[in-house]
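Here's data_29.txt, which has compact mmCIF, C-alpha atoms and all ligand atoms:
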```
# COMPACT_ATOMS: atom_id res chain seq x y z
CA MET A 189 -16.64 -18.84 -5.97
CA ARG A 190 -13.85 -16.34 -6.47
CA LYS A 191 -14.85 -12.69 -6.22
CA ARG A 192 -14.95 -10.92 -9.59
CA ILE A 193 -12.88 -7.79 -10.09
CA VAL A 194 -12.95 -5.07 -12.71
CA ALA A 195 -9.99 -2.68 -12.64
CA GLY A 196 -9.57 0.50 -14.65
CA ASN A 197 -6.05 1.47 -15.63
CA TRP A 198 -6.23 5.09 -16.74
CA LYS A 199 -2.58 5.05 -17.93
CA MET A 200 -1.22 8.56 -18.70
CA ASN A 201 -4.60 10.08 -19.46
CA THR A 202 -6.77 12.90 -18.08
CA SER A 203 -5.91 16.30 -16.63
CA LEU A 204 -6.49 16.57 -12.89
CA GLU A 205 -9.85 18.22 -13.49
CA GLU A 206 -10.90 15.52 -15.98
CA GLY A 207 -9.70 12.78 -13.64
CA ILE A 208 -11.73 14.13 -10.72
CA ALA A 209 -14.81 14.38 -12.93
CA LEU A 210 -14.31 10.82 -14.19
CA ALA A 211 -13.83 9.47 -10.66
CA LYS A 212 -16.96 11.30 -9.46
CA SER A 213 -19.08 9.88 -12.24
CA ILE A 214 -17.73 6.35 -11.78
CA ASN A 215 -18.42 6.67 -8.06
CA GLU A 216 -22.02 7.73 -8.68
CA GLU A 217 -22.67 4.89 -11.11
CA VAL A 218 -20.89 2.19 -9.13
CA LYS A 219 -23.40 2.72 -6.30
CA ALA A 220 -26.01 1.07 -8.49
CA SER A 221 -23.78 -1.80 -9.64
CA LYS A 222 -23.58 -5.30 -8.22
CA GLU A 223 -22.02 -5.16 -4.75
CA ASP A 224 -20.25 -8.46 -5.20
CA ILE A 225 -18.01 -7.18 -7.99
CA GLY A 226 -14.77 -5.60 -6.79
CA VAL A 227 -14.02 -2.29 -8.51
CA ILE A 228 -10.51 -0.85 -8.73
CA ILE A 229 -9.39 2.37 -10.39
CA ALA A 230 -5.78 3.32 -11.08
CA PRO A 231 -5.44 7.03 -11.92
CA PRO A 232 -2.05 8.69 -12.52
CA PHE A 233 0.04 9.41 -9.38
CA THR A 234 -0.75 13.12 -9.57
CA HIS A 235 -4.49 12.49 -9.24
CA LEU A 236 -4.53 9.94 -6.42
CA THR A 237 -5.13 12.27 -3.48
CA SER A 238 -7.88 14.23 -5.23
CA VAL A 239 -9.56 11.10 -6.58
CA LYS A 240 -9.56 9.53 -3.13
CA GLU A 241 -11.59 12.48 -1.83
CA VAL A 242 -14.42 11.95 -4.31
CA ILE A 243 -14.86 8.17 -4.19
CA ASN A 244 -16.32 5.82 -1.64
CA THR A 245 -13.18 3.90 -0.78
CA GLU A 246 -15.26 1.17 0.86
CA ARG A 247 -16.65 0.38 -2.58
CA ILE A 248 -13.88 1.44 -4.96
CA CYS A 249 -10.30 0.39 -4.34
CA LEU A 250 -7.75 3.09 -5.19
CA ALA A 251 -4.69 1.77 -7.02
CA ALA A 252 -1.49 3.22 -8.45
CA GLN A 253 -0.01 2.24 -11.81
CA ASN A 254 3.59 1.69 -10.73
CA CYS A 255 6.02 2.14 -7.85
CA ALA A 256 9.78 2.33 -7.37
CA ALA A 257 11.93 -0.78 -7.06
CA GLU A 258 13.64 0.71 -4.00
CA ALA A 259 12.15 1.54 -0.61
CA LYS A 260 13.50 5.12 -0.26
CA GLY A 261 16.45 7.38 -0.87
CA ALA A 262 18.27 9.10 -3.71
CA TYR A 263 16.13 7.99 -6.67
CA THR A 264 15.06 11.26 -8.26
CA GLY A 265 11.60 11.17 -9.76
CA GLU A 266 10.58 7.84 -8.27
CA VAL A 267 7.56 7.16 -6.06
CA SER A 268 7.79 4.46 -3.42
CA ALA A 269 5.21 1.91 -2.31
CA SER A 270 5.25 3.39 1.20
CA MET A 271 4.53 6.89 -0.15
CA LEU A 272 1.58 5.47 -2.07
CA LYS A 273 0.34 3.72 1.03
CA SER A 274 0.53 7.02 2.93
CA LEU A 275 -1.88 8.53 0.36
CA GLY A 276 -4.46 5.81 0.96
CA VAL A 277 -3.63 3.68 -2.06
CA LYS A 278 -4.57 0.02 -1.50
CA ALA A 279 -3.10 -1.69 -4.57
CA ILE A 280 -0.34 -1.17 -7.13
CA ILE A 281 -0.19 -2.39 -10.73
CA ILE A 282 3.24 -3.91 -11.29
CA GLY A 283 4.83 -5.00 -14.54
CA HIS A 284 2.38 -3.67 -17.07
CA SER A 285 3.70 -4.54 -20.52
CA GLU A 286 4.18 -0.83 -21.22
CA ARG A 287 6.56 -0.69 -18.25
CA ARG A 288 8.33 -3.82 -19.44
CA ALA A 289 8.62 -2.62 -23.05
CA TYR A 290 9.33 1.12 -22.70
CA TYR A 291 11.14 1.29 -19.35
CA GLY A 292 13.13 -1.92 -19.46
CA GLU A 293 11.50 -3.45 -16.40
CA THR A 294 12.67 -7.03 -16.07
CA ASN A 295 11.11 -9.83 -14.05
CA GLU A 296 13.86 -9.29 -11.48
CA ILE A 297 13.08 -5.57 -11.06
CA LEU A 298 9.36 -6.33 -10.96
CA ASN A 299 9.89 -8.92 -8.28
CA LYS A 300 11.48 -6.22 -6.11
CA LYS A 301 8.49 -3.97 -6.72
CA VAL A 302 6.06 -6.75 -5.84
CA LYS A 303 7.94 -7.46 -2.61
CA LEU A 304 7.99 -3.79 -1.60
CA THR A 305 4.28 -3.47 -2.38
CA LEU A 306 3.41 -6.50 -0.27
CA SER A 307 5.70 -5.36 2.54
CA GLU A 308 3.48 -2.27 2.82
CA SER A 309 0.41 -4.54 3.12
CA LEU A 310 -0.83 -3.40 -0.28
CA LYS A 311 -2.15 -5.66 -3.01
CA ALA A 312 0.02 -6.18 -6.08
CA ILE A 313 -1.69 -6.48 -9.46
CA TYR A 314 1.05 -8.29 -11.34
CA CYS A 315 0.82 -8.20 -15.13
CA CYS A 316 2.13 -10.71 -17.62
CA GLY A 317 1.63 -11.17 -21.35
CA GLU A 318 3.33 -12.19 -24.56
CA THR A 319 3.96 -10.21 -27.74
CA LEU A 320 2.48 -11.30 -31.05
CA GLU A 321 5.89 -12.51 -32.18
CA GLU A 322 6.25 -14.63 -29.06
CA ARG A 323 2.81 -16.12 -29.59
CA GLU A 324 3.36 -16.86 -33.26
CA SER A 325 6.75 -18.44 -32.65
CA GLY A 326 5.14 -20.80 -30.14
CA LYS A 327 7.04 -19.37 -27.18
CA LEU A 328 4.02 -17.99 -25.39
CA PHE A 329 3.83 -20.49 -22.55
CA GLU A 330 7.58 -20.26 -21.97
CA ILE A 331 7.34 -16.44 -21.74
CA ILE A 332 4.40 -16.44 -19.36
CA ASN A 333 6.04 -19.17 -17.31
CA SER A 334 9.16 -17.06 -16.79
CA GLN A 335 7.21 -13.88 -16.06
CA ILE A 336 5.19 -15.68 -13.38
CA VAL A 337 7.99 -17.81 -11.93
CA ASP A 338 10.69 -15.11 -11.89
CA GLY A 339 8.33 -12.31 -10.90
CA LEU A 340 6.37 -14.06 -8.16
CA PHE A 341 7.53 -17.47 -7.10
CA ASN A 342 9.92 -16.46 -4.36
CA LEU A 343 6.92 -15.12 -2.43
CA SER A 344 5.65 -16.89 0.65
CA ASN A 345 2.15 -18.38 0.79
CA GLU A 346 0.95 -15.37 2.80
CA GLU A 347 2.45 -12.98 0.27
CA ILE A 348 1.06 -14.64 -2.87
CA GLU A 349 -2.44 -14.42 -1.37
CA ASN A 350 -2.18 -10.64 -1.80
CA VAL A 351 -1.29 -10.82 -5.48
CA ILE A 352 -3.82 -10.45 -8.27
CA ILE A 353 -2.48 -11.66 -11.61
CA ALA A 354 -3.44 -9.90 -14.84
CA TYR A 355 -2.89 -11.67 -18.15
CA GLU A 356 -2.62 -9.03 -20.86
CA PRO A 357 -1.42 -10.24 -24.24
CA VAL A 358 0.60 -7.33 -25.64
CA TRP A 359 -0.97 -7.71 -29.09
CA ALA A 360 -4.42 -7.13 -27.60
CA ILE A 361 -3.61 -3.95 -25.66
CA GLY A 362 -5.08 -0.84 -27.21
CA THR A 363 -5.34 -2.55 -30.59
CA GLY A 364 -9.04 -3.38 -30.67
CA VAL A 365 -8.03 -7.02 -31.20
CA THR A 366 -9.01 -8.95 -28.13
CA ALA A 367 -7.91 -12.49 -27.35
CA SER A 368 -10.73 -14.94 -28.00
CA SER A 369 -12.39 -16.19 -24.85
CA ASP A 370 -10.79 -19.60 -25.53
CA GLN A 371 -7.31 -18.08 -25.84
CA ALA A 372 -7.85 -16.20 -22.57
CA GLN A 373 -9.15 -19.33 -20.81
CA GLU A 374 -6.25 -21.43 -22.08
CA MET A 375 -3.66 -19.04 -20.64
CA HIS A 376 -5.55 -18.40 -17.41
CA ALA A 377 -5.77 -22.15 -16.80
CA PHE A 378 -2.04 -22.45 -17.53
CA ILE A 379 -1.25 -19.69 -15.00
CA ARG A 380 -3.54 -21.19 -12.36
CA ASN A 381 -1.83 -24.53 -12.87
CA LEU A 382 1.58 -22.92 -12.32
CA VAL A 383 0.29 -21.47 -9.05
CA ASN A 384 -1.11 -24.89 -8.15
CA GLN A 385 2.24 -26.60 -8.72
CA LYS A 386 4.08 -24.06 -6.59
CA TYR A 387 1.56 -23.16 -3.87
CA GLY A 388 -1.03 -25.95 -3.94
CA GLY A 389 -4.70 -26.24 -4.78
CA LYS A 390 -6.20 -23.96 -2.15
CA ILE A 391 -4.14 -20.92 -3.13
CA ALA A 392 -4.45 -21.69 -6.85
CA ASN A 393 -8.18 -21.89 -6.50
CA GLU A 394 -8.33 -18.53 -4.73
CA VAL A 395 -5.89 -16.48 -6.81
CA LYS A 396 -7.65 -13.95 -9.01
CA ILE A 397 -6.56 -13.84 -12.63
CA LEU A 398 -7.83 -10.88 -14.65
CA TYR A 399 -7.79 -10.58 -18.42
CA GLY A 400 -6.74 -7.33 -20.09
CA GLY A 401 -6.51 -6.21 -23.70
CA SER A 402 -9.27 -4.44 -25.63
CA VAL A 403 -12.03 -5.45 -23.22
CA LYS A 404 -15.15 -3.53 -24.27
CA PRO A 405 -18.81 -3.63 -23.26
CA ASP A 406 -19.62 -5.90 -26.20
CA ASN A 407 -16.98 -8.59 -25.53
CA ALA A 408 -16.69 -8.51 -21.73
CA SER A 409 -19.40 -11.00 -20.83
CA GLU A 410 -18.06 -13.69 -23.15
CA ILE A 411 -14.51 -13.39 -21.80
CA PHE A 412 -15.66 -13.08 -18.17
CA GLY A 413 -17.82 -16.15 -18.65
CA LYS A 414 -14.79 -18.42 -18.81
CA GLU A 415 -14.02 -20.53 -15.78
CA ASP A 416 -10.56 -19.19 -14.99
CA VAL A 417 -11.20 -15.55 -15.90
CA ASP A 418 -12.01 -13.60 -12.75
CA GLY A 419 -12.58 -10.19 -14.29
CA GLY A 420 -10.67 -7.63 -16.29
CA LEU A 421 -7.99 -4.97 -16.34
CA ILE A 422 -9.42 -2.28 -18.57
CA GLY A 423 -7.52 0.49 -20.34
CA GLY A 424 -9.31 2.63 -22.92
CA ALA A 425 -12.83 1.66 -21.89
CA SER A 426 -12.15 2.66 -18.26
CA LEU A 427 -11.95 6.31 -19.33
CA LYS A 428 -15.63 6.40 -20.24
CA THR A 429 -17.99 5.89 -17.31
CA SER A 430 -20.74 4.23 -19.33
CA ASP A 431 -18.35 1.71 -20.91
CA PHE A 432 -16.62 0.96 -17.62
CA LEU A 433 -19.96 0.42 -15.91
CA SER A 434 -21.23 -1.86 -18.69
CA ILE A 435 -18.08 -3.94 -18.23
CA ILE A 436 -18.60 -4.10 -14.45
CA ASN A 437 -22.18 -5.23 -15.02
CA ALA A 438 -21.05 -7.85 -17.54
P1 LIG B 1 -6.94 -1.52 -23.44
O1 LIG B 1 -8.17 -1.95 -22.67
O2 LIG B 1 -6.98 -0.09 -23.85
O3 LIG B 1 -6.62 -2.46 -24.54
O4 LIG B 1 -5.73 -1.62 -22.40
C1 LIG B 1 -5.58 -2.75 -21.63
C2 LIG B 1 -4.56 -2.48 -20.61
O5 LIG B 1 -3.38 -2.34 -20.93
C3 LIG B 1 -4.98 -2.37 -19.21
O6 LIG B 1 -3.89 -2.36 -18.35
```

Rewrite the structure of this file - the entire thing - as C-alpha cells.
Amino acid sequence: MRKRIVAGNWKMNTSLEEGIALAKSINEEVKASKEDIGVIIAPPFTHLTSVKEVINTERICLAAQNCAAEAKGAYTGEVSASMLKSLGVKAIIIGHSERRAYYGETNEILNKKVKLTLSESLKAIYCCGETLEERESGKLFEIINSQIVDGLFNLSNEEIENVIIAYEPVWAIGTGVTASSDQAQEMHAFIRNLVNQKYGGKIANEVKILYGGSVKPDNASEIFGKEDVDGGLIGGASLKTSDFLSIINA
C-alpha cells in the first residue's frame, strides 16, 4: 500500500501573523488525525522559518512553493533550493500550473528545478495538468505525456523515487469544478503507466500521484478512493483548518 499524502498549497495568501496562526491550528488538529497519512504544508517563502517553529516537523512536512532554476549567483529576487534546505524545508512544489502559465516556466526550466531540488536531498512535488482547451481538443494525454517525459524522465531511478507527482487539471484549479473521480483515475493510471514504461513496475507502483483542483471536504473521499489516487494537493481548502483536516481524514 502506498502511503497517502495530503498537501496544502497556501499560494500567495496570508500575512505572516495569519500564516503562523493557521500553521498552529493545523498543527494542533493534525495531532488527532490518522498517523499513516502524510501531511505537507507549503506556506509562502516569507513564512517558512516562522511556520517551522510552530509545527511538529516530525508529523508535518514543510514545503516551499517554488525555487530558482539556478543553484546560486546573480539572479536578483530568486530563492534557491539550497537556501530552502538551509531553512529546514523538506520538499518543493515545482511546475504548478500558475508558474507555467503566468511565469513562462517550461518543462525544460522545470526539469532544472527538479534536478536542483533533488540534488539538495529534498523531495520534488512535480505538477502537471492540461487546460480545458487542451482537454476538449483531445490533446490531454499528449500534454501530460510531454510534461512528465520532458520534466522528469532524465532522472535516475534513485532520483525519481524522491519525486511526488501532482496531477492538477488547470480547469479544476480554484474554479469549484473538480475532475470526476473517473477522470482523475484515468489520468493517474496513464501517468503511472508512463512511469512503468520508463522505470519499471516497482518504481511505478511506489510513486505517489496526488490529485489537485477544487478538492473539498465533500468530494475528497470519492476522489481519494480511486486506486491510483494517493492523496491531494489542496489550494483554497488548505487555508481553513477544519476543511484541511476533513480532507486529511477523508
Ligand atoms: P484549489 O484547491 O484552490 O482548486 O487549488 C488547487 C491547487 O492549485 C493546489 O496546488

Mind dumping a table of every chain A residue within 7 Å of ligand LIG 1 (chain B), with the nearest atom pair and its distance in Å to one decimal, using all atoms listed in the file, sorted by chain and rising number, as JSON lines?
```
{"residue": "A:Asn197", "atom": "CA", "partner": "B:LIG1", "partner_atom": "O6", "distance": 5.2}
{"residue": "A:His284", "atom": "CA", "partner": "B:LIG1", "partner_atom": "O6", "distance": 6.5}
{"residue": "A:Glu356", "atom": "CA", "partner": "B:LIG1", "partner_atom": "O5", "distance": 6.7}
{"residue": "A:Ala360", "atom": "CA", "partner": "B:LIG1", "partner_atom": "O3", "distance": 6.0}
{"residue": "A:Ile361", "atom": "CA", "partner": "B:LIG1", "partner_atom": "O3", "distance": 3.5}
{"residue": "A:Gly362", "atom": "CA", "partner": "B:LIG1", "partner_atom": "O3", "distance": 3.5}
{"residue": "A:Thr363", "atom": "CA", "partner": "B:LIG1", "partner_atom": "O3", "distance": 6.2}
{"residue": "A:Gly364", "atom": "CA", "partner": "B:LIG1", "partner_atom": "O3", "distance": 6.7}
{"residue": "A:Gly400", "atom": "CA", "partner": "B:LIG1", "partner_atom": "C1", "distance": 5.0}
{"residue": "A:Gly401", "atom": "CA", "partner": "B:LIG1", "partner_atom": "O3", "distance": 3.8}
{"residue": "A:Ser402", "atom": "CA", "partner": "B:LIG1", "partner_atom": "O3", "distance": 3.5}
{"residue": "A:Val403", "atom": "CA", "partner": "B:LIG1", "partner_atom": "O1", "distance": 5.2}
{"residue": "A:Leu421", "atom": "CA", "partner": "B:LIG1", "partner_atom": "C3", "distance": 4.9}
{"residue": "A:Ile422", "atom": "CA", "partner": "B:LIG1", "partner_atom": "O1", "distance": 4.3}
{"residue": "A:Gly423", "atom": "CA", "partner": "B:LIG1", "partner_atom": "O1", "distance": 3.4}
{"residue": "A:Gly424", "atom": "CA", "partner": "B:LIG1", "partner_atom": "O2", "distance": 3.7}
{"residue": "A:Ala425", "atom": "CA", "partner": "B:LIG1", "partner_atom": "O1", "distance": 5.9}
```

| Proximity to A:Asp224 - best of A:Ile331, A:Ile436, A:Val267, A:Ile208, all atoms listed in the file |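 Among the listed residues, A:Ile436 lies closest to A:Asp224.
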
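The interatomic distance for the pair atom CA of A:Ala257 and atom CA of A:Leu298 works out to 7.3 Å.
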
| request: Could you please give me, as an MDAnalysis selection string, the residues of protein, DNA or RNA lying at most 8 Å from (-20.6, -8.1, -17.8) in the coordinate frame of the file, considering only C-alpha atoms? | output: chainID A and resid 405 408:409 412 434:438

| task | For each of A:Val242, A:Leu328, A:Leu340, A:Leu275, take the minimum atom-to-atom distance to A:Glu296, counting only C-alpha atoms, then give the residue where this is smallest. | result |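 That would be A:Leu340, the residue with the smallest distance to A:Glu296.
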
| Spatial neighbours of A:Ile336, 9 Å, all atoms listed in the file, chain gap at least 4 places, as JSON, numbers by chain | {"A": [295, 314, 315, 316, 331, 332, 340, 341, 353, 379, 382, 383]}

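The space between atom CA of A:Glu347 and atom CA of A:Gly420 spans 21.8 Å.
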
| task | Work out how far atom CA of A:Asp338 is from atom CA of A:Pro231, in Å to one decimal. | result |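 So the two atoms, atom CA of A:Pro231 and atom CA of A:Asp338, lie 27.4 Å apart.
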
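Remark: for A:Asn384, the closest of the candidate residues A:Gln253, A:Ser334, A:Ser309, A:Asn345 is A:Asn345 (distances computed over all atoms listed in the file).
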
Which neighbours of A:Thr237 fall inside 12 Å, counting all atoms listed in the file, when residues of the same chain fewer than 3 positions from it are skipped, and could you give them as a PDB file with C-alpha atoms, in the coordinates of the input?
```
ATOM      1  CA  LEU A 204      -6.490  16.570 -12.890  1.00  0.00           C
ATOM      2  CA  GLY A 207      -9.700  12.780 -13.640  1.00  0.00           C
ATOM      3  CA  ILE A 208     -11.730  14.130 -10.720  1.00  0.00           C
ATOM      4  CA  ALA A 211     -13.830   9.470 -10.660  1.00  0.00           C
ATOM      5  CA  ALA A 230      -5.780   3.320 -11.080  1.00  0.00           C
ATOM      6  CA  PRO A 231      -5.440   7.030 -11.920  1.00  0.00           C
ATOM      7  CA  PRO A 232      -2.050   8.690 -12.520  1.00  0.00           C
ATOM      8  CA  PHE A 233       0.040   9.410  -9.380  1.00  0.00           C
ATOM      9  CA  THR A 234      -0.750  13.120  -9.570  1.00  0.00           C
ATOM     10  CA  LYS A 240      -9.560   9.530  -3.130  1.00  0.00           C
ATOM     11  CA  GLU A 241     -11.590  12.480  -1.830  1.00  0.00           C
ATOM     12  CA  VAL A 242     -14.420  11.950  -4.310  1.00  0.00           C
ATOM     13  CA  ILE A 243     -14.860   8.170  -4.190  1.00  0.00           C
ATOM     14  CA  THR A 245     -13.180   3.900  -0.780  1.00  0.00           C
ATOM     15  CA  LEU A 250      -7.750   3.090  -5.190  1.00  0.00           C
ATOM     16  CA  ALA A 251      -4.690   1.770  -7.020  1.00  0.00           C
ATOM     17  CA  ALA A 252      -1.490   3.220  -8.450  1.00  0.00           C
ATOM     18  CA  MET A 271       4.530   6.890  -0.150  1.00  0.00           C
ATOM     19  CA  LEU A 272       1.580   5.470  -2.070  1.00  0.00           C
ATOM     20  CA  LYS A 273       0.340   3.720   1.030  1.00  0.00           C
ATOM     21  CA  SER A 274       0.530   7.020   2.930  1.00  0.00           C
ATOM     22  CA  LEU A 275      -1.880   8.530   0.360  1.00  0.00           C
ATOM     23  CA  GLY A 276      -4.460   5.810   0.960  1.00  0.00           C
ATOM     24  CA  VAL A 277      -3.630   3.680  -2.060  1.00  0.00           C
TER      25      VAL A 277
END
```
